[in-house]
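Enquirer: Before I ask anything, let me first share the structure, which is written out below as structure tokens.
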Amino acid sequence: MMRLELVKRPQRSALFSALSPFIAFALTLIAGAILFALLGIDPVSAFYTYFISPISEVWQLHELAIKAAPLILIAVGLSVCYRANIWNIGAEGQFTLGAIVGSMVPVLYPELEGPIVLPLMLLMGMIGGGLYAAIPAYLKARFNTNEILTSLMLVYVSQLFLDWLVRGPWRDPQGHGFPQTVQFNDSAILPELMPASGRANWGFVFALVAAVVVWIMMSRMLKGFEVRVLGSSPRAGRFAGFGLNRMIFFAFILSGALAGLAGISVVSGEINQLKPVISPGYGFAAIIVAFLGRLNPLGIVAAGLVLALTYLGGEAAQTALGVSDKVARVFQGMLLFFVLGCDTLIHYRIRLVGLRAKAPATDAATAGKLGEAH
């Protein structure tokens with residue numbers, strides 16, 4: 001029998017490590033061309049509709065910034081977790097809880113107005129997301145529970161909680177029975193950056209600031225060094241006096257706070273109320289953004305813009321080409337697959353190993369004992 005085995009390379013190629021995202025994107029385009037050809041659509045016109053047409057006018061660039069902002073915010077937080085070898089898969093739930101907690105002010109106190117409202121909402125959104133992320137952090141630190149499972153299951157808890165709120169205690173009595181809250185007042189709406197040319201709001205600025213701050217932390221501060229050491233060698237981190245449990249809480253809470261900020265920014269900047277569905281899957285797509293950006297906050301900004309383009313391209317392809325909205329998700333899935341595949345082949349090489357069946361025991365001692373018995 002033969003089997004495949006991954007063997008870690010003694011030294012990885014710096015060139016291919018740098019080119020890995022571009023190779024993955026090129027492979028995604030090739031696979032996408034095959035997909036469109038199988039659907040009977042000209043790949044060239046499909047790619048134009050998907051990648052060029054959605055950003056051909058100024059207002060469309062604003063839409064790109066709107067889609068990219070939550071992806072960048074969430075992915076920057078996730079990059080800290082993943083660099084620390086902590087696998088937070090529940091950013092979608094932290095996004096939702098941040099939106100819920102931040103919306104308490106305009107929903108429960110609609111008469112409250114003034115310059116304090118919006119900062120309070122943003123702060124509460126970050127606290128809500130951070131505290132929700134602290135749940136899998138506590139379970140990981142206290143009971144060594146698998147954080148992938150706990151953080152992922154909490155996504156569905158938050159989504160069902162949101163659905164219950166907007167259909168029950170928070171439903172707008174003047175909403176004609178629709179499952180939604182009251183519209184936010186003007187003080188609770190995130191301002192637009194350049195209203196004359198498009199709808200992009202301050203959420204994109206928050207994303208850029210978060211990327212720069214986390215990049216400085218990871219590259220210039222002791223905390224970033226602690227993240228990297230514990231992520232690459234927990235044993236060495238313990239010898240250096242770094243606490244693994246403290247890092248678990250720090251990474252999860254930071255990640256959850258940024259996801260919560262993304263959630264309340266989307267709700268107050270785009271939707272202006274809570275509904276059963278407030279995200280097209282930003283929390284899961286941000287995982288792709290984090291790895292496409294090589295877990296580097298500045299690279300994540302570029303990766304977030306690329307993945308945001310797939311959302312806009314998917315919407316354009318639905319109207320211009322008549323394809324399903326699932327095509328955008330297929331593109332995102334293929335991109336993640338090729339990114340992880342390229343990274344795996346950079347760090348490991350594939351070896352074909354042969355398995356030999358064990359021969360029966362026929363050593364001399366056994367033969368001698370058999371002879372004596374006879």
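In the structure tokens, chains take the letters A, B, ... in the order shown, each chain's residues start at 1, and ligands count up from 1 in the order shown.
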Any idea what's packed within 12 Å of Ile52 in chain A, counting only C-alpha atoms, ignoring anything in its chain fewer than 5 positions away? Could you give it as a PyMOL selection string?
Expert: chain A and resi 44-47+57+60-61+64+306+309-310+312-314+316-317
Enquirer: Please provide as a list in words all residues within 9 Å of range 28-33 of chain A, with the sequence filter that same-chain residues fewer than 3 positions apart are discarded (counting only C-alpha atoms).
Expert: Ile23, Ala24, Phe25, Phe36, Ala37, Leu38, Asp42, Pro43, Val44, Ala46, Phe47, Val330, Phe331, Gln332, Met334, Leu335, Phe337 and Phe338 of chain A
Enquirer: Write the residues you've just listed into a file as a PDB file, in the first residue's frame, and include N, CA and C atoms for each of them.
Expert:
```
ATOM      1  N   ILE A  23      -0.381  33.725  -6.459  1.00  0.00           N
ATOM      2  CA  ILE A  23      -0.550  32.417  -7.096  1.00  0.00           C
ATOM      3  C   ILE A  23      -1.947  31.879  -6.809  1.00  0.00           C
ATOM      4  N   ALA A  24      -2.377  32.006  -5.548  1.00  0.00           N
ATOM      5  CA  ALA A  24      -3.706  31.528  -5.175  1.00  0.00           C
ATOM      6  C   ALA A  24      -4.793  32.270  -5.952  1.00  0.00           C
ATOM      7  N   PHE A  25      -4.619  33.589  -6.119  1.00  0.00           N
ATOM      8  CA  PHE A  25      -5.620  34.363  -6.861  1.00  0.00           C
ATOM      9  C   PHE A  25      -5.637  33.957  -8.327  1.00  0.00           C
ATOM     10  N   PHE A  36     -17.242  29.211 -15.247  1.00  0.00           N
ATOM     11  CA  PHE A  36     -18.101  29.986 -16.146  1.00  0.00           C
ATOM     12  C   PHE A  36     -18.281  29.276 -17.493  1.00  0.00           C
ATOM     13  N   ALA A  37     -17.215  28.647 -17.978  1.00  0.00           N
ATOM     14  CA  ALA A  37     -17.326  27.912 -19.246  1.00  0.00           C
ATOM     15  C   ALA A  37     -18.328  26.764 -19.128  1.00  0.00           C
ATOM     16  N   LEU A  38     -18.308  26.075 -17.972  1.00  0.00           N
ATOM     17  CA  LEU A  38     -19.266  24.985 -17.764  1.00  0.00           C
ATOM     18  C   LEU A  38     -20.695  25.502 -17.667  1.00  0.00           C
ATOM     19  N   ASP A  42     -19.185  33.206 -21.362  1.00  0.00           N
ATOM     20  CA  ASP A  42     -17.840  33.571 -21.799  1.00  0.00           C
ATOM     21  C   ASP A  42     -17.025  34.047 -20.601  1.00  0.00           C
ATOM     22  N   PRO A  43     -15.910  33.377 -20.276  1.00  0.00           N
ATOM     23  CA  PRO A  43     -15.133  33.760 -19.091  1.00  0.00           C
ATOM     24  C   PRO A  43     -14.626  35.203 -19.129  1.00  0.00           C
ATOM     25  N   VAL A  44     -14.255  35.700 -20.317  1.00  0.00           N
ATOM     26  CA  VAL A  44     -13.720  37.064 -20.407  1.00  0.00           C
ATOM     27  C   VAL A  44     -14.781  38.084 -20.017  1.00  0.00           C
ATOM     28  N   ALA A  46     -17.416  37.470 -18.324  1.00  0.00           N
ATOM     29  CA  ALA A  46     -17.790  37.211 -16.930  1.00  0.00           C
ATOM     30  C   ALA A  46     -16.823  37.894 -15.976  1.00  0.00           C
ATOM     31  N   PHE A  47     -15.522  37.794 -16.258  1.00  0.00           N
ATOM     32  CA  PHE A  47     -14.534  38.426 -15.382  1.00  0.00           C
ATOM     33  C   PHE A  47     -14.634  39.944 -15.450  1.00  0.00           C
ATOM     34  N   VAL A 330     -18.846  30.659  -4.104  1.00  0.00           N
ATOM     35  CA  VAL A 330     -17.948  29.664  -4.707  1.00  0.00           C
ATOM     36  C   VAL A 330     -16.572  30.278  -4.940  1.00  0.00           C
ATOM     37  N   PHE A 331     -16.547  31.505  -5.435  1.00  0.00           N
ATOM     38  CA  PHE A 331     -15.281  32.203  -5.642  1.00  0.00           C
ATOM     39  C   PHE A 331     -14.528  32.352  -4.326  1.00  0.00           C
ATOM     40  N   GLN A 332     -15.225  32.766  -3.287  1.00  0.00           N
ATOM     41  CA  GLN A 332     -14.575  32.943  -1.994  1.00  0.00           C
ATOM     42  C   GLN A 332     -14.046  31.618  -1.458  1.00  0.00           C
ATOM     43  N   MET A 334     -13.162  28.956  -3.246  1.00  0.00           N
ATOM     44  CA  MET A 334     -12.004  28.541  -4.036  1.00  0.00           C
ATOM     45  C   MET A 334     -10.765  29.337  -3.655  1.00  0.00           C
ATOM     46  N   LEU A 335     -10.966  30.631  -3.388  1.00  0.00           N
ATOM     47  CA  LEU A 335      -9.832  31.471  -3.002  1.00  0.00           C
ATOM     48  C   LEU A 335      -9.214  30.982  -1.698  1.00  0.00           C
ATOM     49  N   PHE A 337      -9.427  27.935  -0.470  1.00  0.00           N
ATOM     50  CA  PHE A 337      -8.828  26.626  -0.743  1.00  0.00           C
ATOM     51  C   PHE A 337      -7.443  26.770  -1.344  1.00  0.00           C
ATOM     52  N   PHE A 338      -7.308  27.638  -2.332  1.00  0.00           N
ATOM     53  CA  PHE A 338      -6.009  27.791  -2.993  1.00  0.00           C
ATOM     54  C   PHE A 338      -4.999  28.517  -2.098  1.00  0.00           C
TER      55      PHE A 338
END
```
Enquirer: What does the distance between CA of Leu295 in chain A and CA of Phe204 in chain A come to in Å, to one decimal place?
Expert: 19.1 Å
Enquirer: For Val182 in chain A, work out the shell of residues within 9 Å, counting only C-alpha atoms and skipping chain neighbours fewer than 2 positions away, then give it as a PyMOL selection string.
Expert: chain A and resi 106-107+110+170-175+180+184-185+272-274
Enquirer: Write the residues of the preceding selection, restricted to N, CA, C and O atoms, as a PDB file, in the first residue's frame.
Expert:
```
ATOM      1  N   PRO A 106     -30.200  53.208  20.688  1.00  0.00           N
ATOM      2  CA  PRO A 106     -31.253  53.789  19.853  1.00  0.00           C
ATOM      3  C   PRO A 106     -32.559  52.997  19.853  1.00  0.00           C
ATOM      4  O   PRO A 106     -33.613  53.566  19.537  1.00  0.00           O
ATOM      5  N   VAL A 107     -32.509  51.696  20.214  1.00  0.00           N
ATOM      6  CA  VAL A 107     -33.730  50.897  20.205  1.00  0.00           C
ATOM      7  C   VAL A 107     -34.515  51.086  21.502  1.00  0.00           C
ATOM      8  O   VAL A 107     -35.735  51.296  21.489  1.00  0.00           O
ATOM      9  N   PRO A 110     -35.038  55.611  22.129  1.00  0.00           N
ATOM     10  CA  PRO A 110     -35.055  56.351  20.854  1.00  0.00           C
ATOM     11  C   PRO A 110     -35.096  57.863  21.022  1.00  0.00           C
ATOM     12  O   PRO A 110     -34.756  58.601  20.090  1.00  0.00           O
ATOM     13  N   TRP A 170     -38.155  43.552  20.713  1.00  0.00           N
ATOM     14  CA  TRP A 170     -37.645  44.760  20.062  1.00  0.00           C
ATOM     15  C   TRP A 170     -38.357  45.070  18.743  1.00  0.00           C
ATOM     16  O   TRP A 170     -37.950  45.969  18.026  1.00  0.00           O
ATOM     17  N   ARG A 171     -39.405  44.354  18.417  1.00  0.00           N
ATOM     18  CA  ARG A 171     -40.081  44.608  17.135  1.00  0.00           C
ATOM     19  C   ARG A 171     -40.722  45.985  17.142  1.00  0.00           C
ATOM     20  O   ARG A 171     -41.307  46.422  18.136  1.00  0.00           O
ATOM     21  N   ASP A 172     -40.612  46.666  16.023  1.00  0.00           N
ATOM     22  CA  ASP A 172     -41.193  48.001  15.865  1.00  0.00           C
ATOM     23  C   ASP A 172     -42.717  47.892  15.823  1.00  0.00           C
ATOM     24  O   ASP A 172     -43.270  47.258  14.911  1.00  0.00           O
ATOM     25  N   PRO A 173     -43.422  48.483  16.770  1.00  0.00           N
ATOM     26  CA  PRO A 173     -44.896  48.384  16.749  1.00  0.00           C
ATOM     27  C   PRO A 173     -45.522  49.072  15.537  1.00  0.00           C
ATOM     28  O   PRO A 173     -46.670  48.763  15.182  1.00  0.00           O
ATOM     29  N   GLN A 174     -44.771  49.976  14.916  1.00  0.00           N
ATOM     30  CA  GLN A 174     -45.270  50.654  13.721  1.00  0.00           C
ATOM     31  C   GLN A 174     -44.693  50.051  12.442  1.00  0.00           C
ATOM     32  O   GLN A 174     -44.772  50.665  11.382  1.00  0.00           O
ATOM     33  N   GLY A 175     -44.111  48.863  12.544  1.00  0.00           N
ATOM     34  CA  GLY A 175     -43.438  48.249  11.397  1.00  0.00           C
ATOM     35  C   GLY A 175     -44.298  47.339  10.569  1.00  0.00           C
ATOM     36  O   GLY A 175     -43.774  46.547   9.771  1.00  0.00           O
ATOM     37  N   GLN A 180     -38.392  43.695  12.543  1.00  0.00           N
ATOM     38  CA  GLN A 180     -37.348  44.710  12.524  1.00  0.00           C
ATOM     39  C   GLN A 180     -37.569  45.669  13.684  1.00  0.00           C
ATOM     40  O   GLN A 180     -38.666  45.765  14.226  1.00  0.00           O
ATOM     41  N   PHE A 184     -33.172  53.978  13.502  1.00  0.00           N
ATOM     42  CA  PHE A 184     -32.322  54.781  14.380  1.00  0.00           C
ATOM     43  C   PHE A 184     -32.539  56.267  14.097  1.00  0.00           C
ATOM     44  O   PHE A 184     -32.773  56.664  12.942  1.00  0.00           O
ATOM     45  N   ASN A 185     -32.446  57.068  15.144  1.00  0.00           N
ATOM     46  CA  ASN A 185     -32.528  58.515  14.926  1.00  0.00           C
ATOM     47  C   ASN A 185     -31.211  59.037  14.341  1.00  0.00           C
ATOM     48  O   ASN A 185     -30.221  58.309  14.255  1.00  0.00           O
ATOM     49  N   ASN A 272     -29.353  50.989   9.562  1.00  0.00           N
ATOM     50  CA  ASN A 272     -30.043  51.950  10.435  1.00  0.00           C
ATOM     51  C   ASN A 272     -31.174  51.320  11.251  1.00  0.00           C
ATOM     52  O   ASN A 272     -32.075  52.021  11.713  1.00  0.00           O
ATOM     53  N   GLN A 273     -31.112  50.006  11.436  1.00  0.00           N
ATOM     54  CA  GLN A 273     -32.042  49.288  12.311  1.00  0.00           C
ATOM     55  C   GLN A 273     -31.561  47.833  12.374  1.00  0.00           C
ATOM     56  O   GLN A 273     -30.692  47.425  11.592  1.00  0.00           O
ATOM     57  N   LEU A 274     -32.116  47.065  13.285  1.00  0.00           N
ATOM     58  CA  LEU A 274     -31.793  45.645  13.358  1.00  0.00           C
ATOM     59  C   LEU A 274     -32.839  44.843  12.603  1.00  0.00           C
ATOM     60  O   LEU A 274     -34.042  45.123  12.688  1.00  0.00           O
TER      61      LEU A 274
END
```
Enquirer: Calculated over only C-alpha atoms, which of the candidates A:Ala188, A:Ala137, A:Leu298, A:Met221 has the smallest distance to Glu270 in chain A?
Expert: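 Between A:Ala188, A:Ala137, A:Leu298, A:Met221, the residue approaching Glu270 in chain A most closely is A:Ala188.
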Enquirer: Need the shell around Ser20 in chain A: protein/DNA/RNA residues with any atom at most 12 Å away, counting only C-alpha atoms. Skip same-chain ones fewer than 5 positions apart. Format as a ChimeraX atom specification?
Expert: /A:12-15,25-27,291-294,335-336,338-347
Enquirer: With only C-alpha atoms as the counted atoms, please give the residues lying no more than 10 Å from Cys81 in chain A, apart from itself and same-chain residues fewer than 3 positions off, as a PyMOL selection string.
Expert: chain A and resi 75-78+84-89+227+231+247-255+295
Enquirer: Mind dumping the selected residues with N, CA and C atoms as a compact mmCIF listing (two decimals), in the first residue's frame?
Expert:
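See out.txt below for the written result:
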```txt
# COMPACT_ATOMS: atom_id res chain seq x y z
N ALA A 75 -11.00 40.80 10.14
CA ALA A 75 -9.79 40.04 9.78
C ALA A 75 -8.56 40.50 10.56
N VAL A 76 -8.47 41.79 10.85
CA VAL A 76 -7.34 42.30 11.64
C VAL A 76 -7.35 41.66 13.02
N GLY A 77 -8.53 41.57 13.64
CA GLY A 77 -8.62 40.91 14.94
C GLY A 77 -8.32 39.43 14.85
N LEU A 78 -8.82 38.78 13.82
CA LEU A 78 -8.55 37.35 13.66
C LEU A 78 -7.07 37.08 13.44
N ALA A 84 -1.26 33.86 17.22
CA ALA A 84 -1.06 33.27 18.54
C ALA A 84 -1.45 31.80 18.58
N ASN A 85 -1.79 31.24 17.40
CA ASN A 85 -2.21 29.83 17.29
C ASN A 85 -3.49 29.57 18.08
N ILE A 86 -4.38 30.55 18.07
CA ILE A 86 -5.69 30.44 18.71
C ILE A 86 -6.73 30.58 17.61
N TRP A 87 -7.63 29.60 17.49
CA TRP A 87 -8.48 29.51 16.32
C TRP A 87 -9.90 29.98 16.62
N ASN A 88 -10.08 31.28 16.48
CA ASN A 88 -11.39 31.90 16.64
C ASN A 88 -12.14 31.80 15.31
N ILE A 89 -13.17 30.96 15.27
CA ILE A 89 -13.98 30.80 14.06
C ILE A 89 -15.34 31.48 14.24
N VAL A 227 2.76 37.60 21.29
CA VAL A 227 1.84 36.86 20.42
C VAL A 227 2.60 35.92 19.50
N GLY A 231 2.64 31.84 19.77
CA GLY A 231 2.05 31.17 18.62
C GLY A 231 2.98 30.16 17.98
N MET A 247 -2.84 35.18 27.16
CA MET A 247 -2.84 35.42 25.72
C MET A 247 -4.14 34.96 25.08
N ILE A 248 -4.69 33.84 25.55
CA ILE A 248 -5.96 33.36 25.01
C ILE A 248 -7.05 34.42 25.20
N PHE A 249 -7.13 34.99 26.40
CA PHE A 249 -8.14 36.02 26.66
C PHE A 249 -7.85 37.28 25.86
N PHE A 250 -6.59 37.68 25.79
CA PHE A 250 -6.24 38.91 25.07
C PHE A 250 -6.61 38.79 23.59
N ALA A 251 -6.21 37.69 22.95
CA ALA A 251 -6.45 37.52 21.52
C ALA A 251 -7.95 37.43 21.23
N PHE A 252 -8.67 36.65 22.03
CA PHE A 252 -10.10 36.50 21.79
C PHE A 252 -10.85 37.81 22.01
N ILE A 253 -10.54 38.50 23.09
CA ILE A 253 -11.28 39.73 23.40
C ILE A 253 -10.97 40.82 22.39
N LEU A 254 -9.70 40.95 21.98
CA LEU A 254 -9.36 41.93 20.95
C LEU A 254 -10.07 41.61 19.64
N SER A 255 -10.05 40.35 19.26
CA SER A 255 -10.72 39.94 18.03
C SER A 255 -12.22 40.19 18.12
N LEU A 295 -1.83 37.23 7.30
CA LEU A 295 -1.94 37.57 8.72
C LEU A 295 -1.18 38.85 9.06
```
Enquirer: Taking into account only C-alpha atoms, which residue in the set A:Arg83, A:Lys275, A:Arg142, A:Lys67 is nearest to Leu162 in chain A?
Expert: A:Lys275
Enquirer: Taking only C-alpha atoms into account, which of A:Pro169, A:Pro119, A:Pro195, A:Pro280 comes nearest Arg329 in chain A?
Expert: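 Of the candidates, the smallest distance to Arg329 in chain A is held by A:Pro280.
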Enquirer: Find the distance between CA of Ser279 in chain A and CA of Ile300 in chain A and write it in Å to one decimal.
Expert: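 These two atoms are separated by 19.5 Å.
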Enquirer: Could you make a table, as CSV, of the residues of range 125-243 of chain A that have an atom within 12 Å of an atom of range 263-266 of chain A, each with its nearest atom pair and distance in Å to one decimal, counting only C-alpha atoms, in chain and number order?
Expert:
```
residue,atom,partner,partner_atom,distance
A:Gly125,CA,A:Ile264,CA,5.6
A:Met126,CA,A:Ile264,CA,8.3
A:Ile127,CA,A:Ile264,CA,11.0
A:Gly128,CA,A:Ile264,CA,9.9
A:Gly129,CA,A:Gly263,CA,8.5
A:Gly130,CA,A:Gly263,CA,11.9
A:Phe184,CA,A:Ile264,CA,12.0
A:Ala188,CA,A:Ile264,CA,10.3
A:Ile189,CA,A:Ser265,CA,8.9
A:Leu190,CA,A:Ser265,CA,7.0
A:Pro191,CA,A:Ser265,CA,10.2
A:Glu192,CA,A:Ser265,CA,11.5
A:Ala200,CA,A:Val266,CA,10.9
A:Asn201,CA,A:Ser265,CA,8.8
A:Trp202,CA,A:Ser265,CA,8.1
A:Gly203,CA,A:Ser265,CA,5.7
A:Phe204,CA,A:Ser265,CA,9.2
A:Val205,CA,A:Ser265,CA,10.8
A:Phe206,CA,A:Ser265,CA,9.0
A:Ala207,CA,A:Ser265,CA,10.2
```
Enquirer: From the list A:Ala259, A:Ile271, A:Val7, A:Ile350, which residue is nearest Leu122 in chain A when using only C-alpha atoms?
Expert: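 Smallest separation from Leu122 in chain A among the options: A:Ala259.
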Enquirer: Can you pull out every residue from range 40-274 of chain A that DSSP, working from the backbone, puts in helix (DSSP H, G or I), and format the result as a PyMOL selection string?
Expert: chain A and resi 43-55+58-83+91-102+104-108+117-143+147-167+186-188+203-220+222-232+234-239+244-271
Enquirer: Identify which of the residues A:Pro70, A:Gly241, A:Pro276, A:Gly40 lies closest to Ala91 in chain A, counting only C-alpha atoms when measuring atom-to-atom distances.
Expert: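 The closest residue to Ala91 in chain A is A:Pro70.
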Enquirer: Give me the residues near Leu352 in chain A as a list of chain:residue names, where near means some atom within 9 Å (using only C-alpha atoms) and where sequence neighbours in that chain fewer than 5 positions away do not count.
Expert: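 The contact residues come out as A:Met2, A:Arg3, A:Leu4, A:Glu5, A:Leu6.
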Enquirer: Have a look at A:Ala68, A:Leu112, A:Gly283, A:Gln11 and name the one nearest to Ala302 in chain A; count only C-alpha atoms.
Expert: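 Of all the options, A:Ala68 lies closest to Ala302 in chain A.
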